[in-house]
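Quick notes on the structure that follows.
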Amino acid sequence: MADVVSIVALSLTCFHGCVKGLVVLSKAKHYNRDVSDVRLQTELILHSLTTWAQEAGLTQDPPTLLISAHNAAFVPGILGQLETLLSDINVLRQRYGIYLQPTDEDVDSVDDDASILLSSDSQRRRWTGKIDVAVFLKRKEPWKRLKWVTLDDKKFDRLLDRAKGYVAELGKFLEQARQDRMERHLEFCLRTAILHADGEHELGVLGREFQKTESKVAVSAAARLKQSRLKLGILESNPEPSTTALTKSISAVSMGSSHDSTIYEARSDPVKDMKLSMRFLTLGRAARAERLRTLAQYDGVTVLLEWKYVTTMKDSTIIRRVNQVAGFLQNMGSTLHSLQCRGFVEDHIAKRYGYIFDLPHDLSFTSRRSLSFDNIARRPPPAPELRSLRQMLDQSTLPSLNARLTLAVTFLETLLNLHTSGWLHKELRSDNIILIRKPESHSRISTTTSTDLSDYSVYIAGYVYSRVDNPGELTEPLESDLEADLYRHPSSLYGSRQPYRKSLDIFSVGCTLLEIGLWMGLRQILMKYSPSSAKSQHKTKAALPSIYERSFSDPTLAHRISSLDQDEFRQHGSELDRKAKRPLDLMELKHELLLSQFTKRRSTHEQPGINQSSRTAADRSLIMSSLEAAMGKRYTTIVEEFLAAANTVKELKEDEHEFALDLEMKARDTMRAIADAM
């Protein structure tokens with residue numbers, strides 16, 4: 001048996017040969033077709049191989065193999081077979097029918113701007129230390145470019161499958177922790193590639209490449225979702241677009257191999273019209289009373305209806321966006337835990353658009369048979385039971401820890417996949433998480449409403465203000481409502497609003513995760529842990545009175561609390577005055593209890609002699625201490641990091657897209673680990 005030093009040396013030599021083979025293959029030219037898909041597939045294998053080499057210790061100085069001695073003996077042979085497969089054009093022709101010819105042109109660079117896997121500076125730093133560049137710089141002779149004589153996609157796929165098999169076999173030699181880290185590196189690379197991809201073709205490659213890989217199904221779905229978005233003409237524009245650019249017709253995606261351009265030509269294919277006829281929509285008395293969301297009948301089928309209110313029905317930009325959002329939501333897959341959008345209707349009288357969503361197939365029928373004690377009779381179908389998480393927080397008993405963790409994982413998975421596809425939700429909060437009772441739970445003989453989370457399927461709703469993640473995209477002002485504003489970061493509430501961004505979605509999710517952990521609405525949490533009432537607050541979940549309309553220094557924020565009249569306010573106001581020396585201000589409470597911890601320095605105009613910072617820290621720790629007692633330290637850390645995300649990314653001056661992906665992936669993986677341990 002060869003000694004360890006010889007095994008490592010031979011493995012390193014073969015590894016360098018594999019890197020050379022993959023780089024040269026990825027840069028092979030074809031004069032009659034675009035080969036960007038070939039390049040992307042080859043680069044994915046190169047990334048997997050270099051990540052394995054890093055985890056195995058082969059790139060250390062001095063190089064080593066951090067695997068068992070028994071498995072280390074097989075490494076040179078596997079790498080040698082992979083090197084032969086990639087480097088011998090005669091083998092490629094004889095075994096796979098792939099015809100390549102050498103040219104006189106040298107490969108002059110490995111690190112260039114054409115790859116979407118290296119689409120930003122921070123991603124370059126993450127590219128496993130640029131191992132392929134290091135190998136390239138150590139070459140003893142020029143690497144010659146190849147050119148394609150014939151390229152058969154099916155035959156090339158066979159070659160790639162074989163190469164991926166070798167890399168997968170090497171990966172199994174690593175200890176489990178290193179395998180997991182290798183998988184995470186690959187997923188981050190893939191998601192970043194999807195985020196920066198500007199071509200439908202390459203997104204199609206990413207979507208197909210991993211749709212059969214169980215651990216990468218969500219990544220594949222995110223790629224296909226972004227591909228469908230581009231087909232709808234919903235594109236990332238020039239970072240500094242002109243005003244007229246916002247209202248121009250749909251642009252096309254460049255199909256070339258260069259990925260550094262963000263300016264596109266006009267699309268030739270028309271966008272699908274998602275408008276539906278209002279006359280097929282039937283609203284019952286209860287449905288007409290619901291202002292934002294309700295169950296309704298469309299063409300005789302039960303559907304979910306969500307309203308979007310506008311100031312005018314003649315704004316072409318809004319009309320275009322409504323149509324695009326409806327088309328985007330129609331392509332949502334199960335991995336995004338969203339209902340499929342059928343289209344939208346226009347209500348010109350009420351100045352609103354209605355998005356119509358199909359319910360799960362087993363709840364959307366118009367009739368069914370029911371079993372009675374005496375006979376089998378045809379009855380009208382029962383209305384599907386639909387509730388929001390916000391309602392469940394107020395009405396149901398505390399679910400099991402496992403049920404709450406499962407709900408949190410679902411929420412985090414949706415956030416990650418939505419952001420990977422380049423989309424912002426803008427309204428992520430508990431009343432936009434809807435729960436539809438599963439059909440099997442309806443079969444139980446019960447006259448009461450179920451409060452068991454396991455009886456419901458979870459879906460994310462409230463996409464009416466969602467849009468593509470692009471700084472130049474028109475930001476519609478959100479409808480101001482005190483309850484909704486509690487979930488919004490202060491920077492999205494200023495009169496001169498900044499462009500909406502991922503970290504603001506993350507903040508809203510942090511607020512909702514706090515609710516799930518304590519199983520209490522955000523307003524109740526703030527009031528319970530407020531400095532004036534924390535000591536006297538009863539440990540009950542009795543409904544709290546709505547807070548009457550408050551005054552703001554910013555007159556653009558007019559909160560409408562319509563559920564309380566003047567007499568009710570006087571009655572409840574006196575009760576609140578007994579608990580506080582001044583009127584209760586929920587927005588200020590949110591800042592004190594959830595936001596001030598992320599500000600490095602307190603304001604200089606605080607009253608002297610009063611340790612405001614210490615008092616706020618104590619109040620703040622009470623919320624997080626309660627959360628930690630209920631859900632554990634790791635869950636609490638996720639909530640704290642999400643609430644601080646907007647501040648953190650600003651202080652660190654990082655690329656927000658990759659910062660968000662890294663944070664969201666870490667949170668999802670941590671939450672899954674907690675749930676699996678239960």
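Chain lettering (A, B, ...) mirrors the order of the structure tokens, residue numbering begins at 1 for each chain separately, and ligand numbering begins at 1 in order of display.
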- Task: With a distance cut-off of 7 Å and only C-alpha atoms, select the neighbouring residues of segment 410-424 of chain A, excluding the residue or stretch itself and same-chain residues fewer than 5 positions from it, and output the selection as a list of chain:residue names.
- Result: A:Arg191, A:Ile194, A:Leu195, A:Ala218, A:Ala222, A:Ala223, A:Leu225, A:Lys226, A:Leu336, A:His337, A:Ser466, A:Arg467, A:Val468, A:Asp469, A:Lys502, A:Leu661, A:Glu664, A:Met665, A:Arg668
For the residues selected in the previous step, produce a file with N, CA and C atoms as a short mmCIF file (atom, residue, chain, number, x, y, z; two decimals), in the first residue's frame.
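File produced: again.cif:
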```
data_model
loop_
_atom_site.label_atom_id
_atom_site.label_comp_id
_atom_site.auth_asym_id
_atom_site.auth_seq_id
_atom_site.Cartn_x
_atom_site.Cartn_y
_atom_site.Cartn_z
N ARG A 191 -27.72 29.69 -5.65
CA ARG A 191 -28.71 30.75 -5.40
C ARG A 191 -28.17 32.11 -5.84
N ILE A 194 -28.49 32.25 -9.58
CA ILE A 194 -29.87 32.53 -9.97
C ILE A 194 -30.19 34.00 -9.78
N LEU A 195 -29.74 34.54 -8.66
CA LEU A 195 -30.02 35.93 -8.34
C LEU A 195 -29.44 36.87 -9.38
N ALA A 218 -35.79 22.95 -4.10
CA ALA A 218 -36.18 24.34 -3.87
C ALA A 218 -35.34 25.29 -4.73
N ALA A 222 -36.77 27.86 -7.55
CA ALA A 222 -36.47 29.29 -7.57
C ALA A 222 -35.94 29.72 -8.94
N ALA A 223 -35.13 28.87 -9.56
CA ALA A 223 -34.61 29.18 -10.90
C ALA A 223 -35.74 29.22 -11.92
N LEU A 225 -38.86 29.79 -11.29
CA LEU A 225 -39.73 30.93 -10.98
C LEU A 225 -39.15 32.21 -11.56
N LYS A 226 -37.85 32.40 -11.42
CA LYS A 226 -37.25 33.60 -12.00
C LYS A 226 -37.30 33.54 -13.52
N LEU A 336 -42.93 27.31 -2.72
CA LEU A 336 -43.13 28.66 -2.20
C LEU A 336 -44.39 28.77 -1.36
N HIS A 337 -45.05 27.65 -1.12
CA HIS A 337 -46.19 27.60 -0.21
C HIS A 337 -47.19 28.72 -0.52
N SER A 466 -46.41 43.28 -3.87
CA SER A 466 -45.10 42.71 -4.15
C SER A 466 -44.58 43.19 -5.50
N ARG A 467 -43.26 43.11 -5.66
CA ARG A 467 -42.65 43.56 -6.91
C ARG A 467 -41.26 42.96 -7.06
N VAL A 468 -40.67 43.17 -8.24
CA VAL A 468 -39.32 42.71 -8.51
C VAL A 468 -38.34 43.50 -7.65
N ASP A 469 -37.25 42.85 -7.26
CA ASP A 469 -36.23 43.49 -6.43
C ASP A 469 -35.30 44.30 -7.32
N LYS A 502 -34.52 43.83 0.41
CA LYS A 502 -34.67 42.53 1.06
C LYS A 502 -34.64 42.62 2.59
N LEU A 661 -29.14 36.34 1.38
CA LEU A 661 -29.13 34.91 1.09
C LEU A 661 -28.40 34.13 2.18
N GLU A 664 -30.52 34.17 5.41
CA GLU A 664 -31.73 33.37 5.28
C GLU A 664 -31.42 31.87 5.22
N MET A 665 -30.36 31.51 4.52
CA MET A 665 -29.97 30.09 4.47
C MET A 665 -29.56 29.60 5.86
N ARG A 668 -32.71 29.19 7.97
CA ARG A 668 -33.48 28.01 7.58
C ARG A 668 -32.83 26.73 8.07
#
```
I'd like the neighbourhood of Asp315 of chain A as a PDB file with N, CA and C atoms, in the first residue's frame, where a residue qualifies if any of its atoms comes within 12 Å (using only C-alpha atoms), though same-chain residues fewer than 5 positions away should be ignored.
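New file out-v5.pdb:
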```
ATOM      1  N   THR A 247     -42.029  53.221 -17.382  1.00  0.00           N
ATOM      2  CA  THR A 247     -43.314  53.002 -18.030  1.00  0.00           C
ATOM      3  C   THR A 247     -43.171  52.431 -19.432  1.00  0.00           C
ATOM      4  N   VAL A 310     -56.483  51.188  -5.192  1.00  0.00           N
ATOM      5  CA  VAL A 310     -55.679  52.185  -5.889  1.00  0.00           C
ATOM      6  C   VAL A 310     -56.433  53.510  -5.907  1.00  0.00           C
ATOM      7  N   ARG A 320     -50.015  47.550 -15.567  1.00  0.00           N
ATOM      8  CA  ARG A 320     -48.987  46.620 -16.032  1.00  0.00           C
ATOM      9  C   ARG A 320     -48.467  45.762 -14.879  1.00  0.00           C
ATOM     10  N   ARG A 321     -48.241  46.392 -13.724  1.00  0.00           N
ATOM     11  CA  ARG A 321     -47.719  45.642 -12.589  1.00  0.00           C
ATOM     12  C   ARG A 321     -48.725  44.619 -12.082  1.00  0.00           C
ATOM     13  N   VAL A 322     -49.995  44.998 -12.017  1.00  0.00           N
ATOM     14  CA  VAL A 322     -51.026  44.058 -11.564  1.00  0.00           C
ATOM     15  C   VAL A 322     -51.043  42.834 -12.468  1.00  0.00           C
ATOM     16  N   LYS A 351     -62.685  51.156  -7.021  1.00  0.00           N
ATOM     17  CA  LYS A 351     -61.302  51.463  -7.362  1.00  0.00           C
ATOM     18  C   LYS A 351     -60.350  50.433  -6.735  1.00  0.00           C
ATOM     19  N   GLU A 476     -44.701  51.488  -4.767  1.00  0.00           N
ATOM     20  CA  GLU A 476     -46.040  51.960  -4.422  1.00  0.00           C
ATOM     21  C   GLU A 476     -46.130  52.178  -2.917  1.00  0.00           C
TER      22      GLU A 476
END
```
Nearest to Leu504 of chain A, restricted to only C-alpha atoms and choosing among A:Leu160, A:Ala660, A:Ala134, A:Ala28, comes out as A:Ala660
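Atom CA of Leu594 of chain A sits 10.5 Å away from atom CA of Leu486 of chain A.
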Report, in Å with one decimal, the straight-line distance from atom CA of Gly510 of chain A to atom CA of Pro490 of chain A.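 Distance reported for this atom pair: 14.1 Å.
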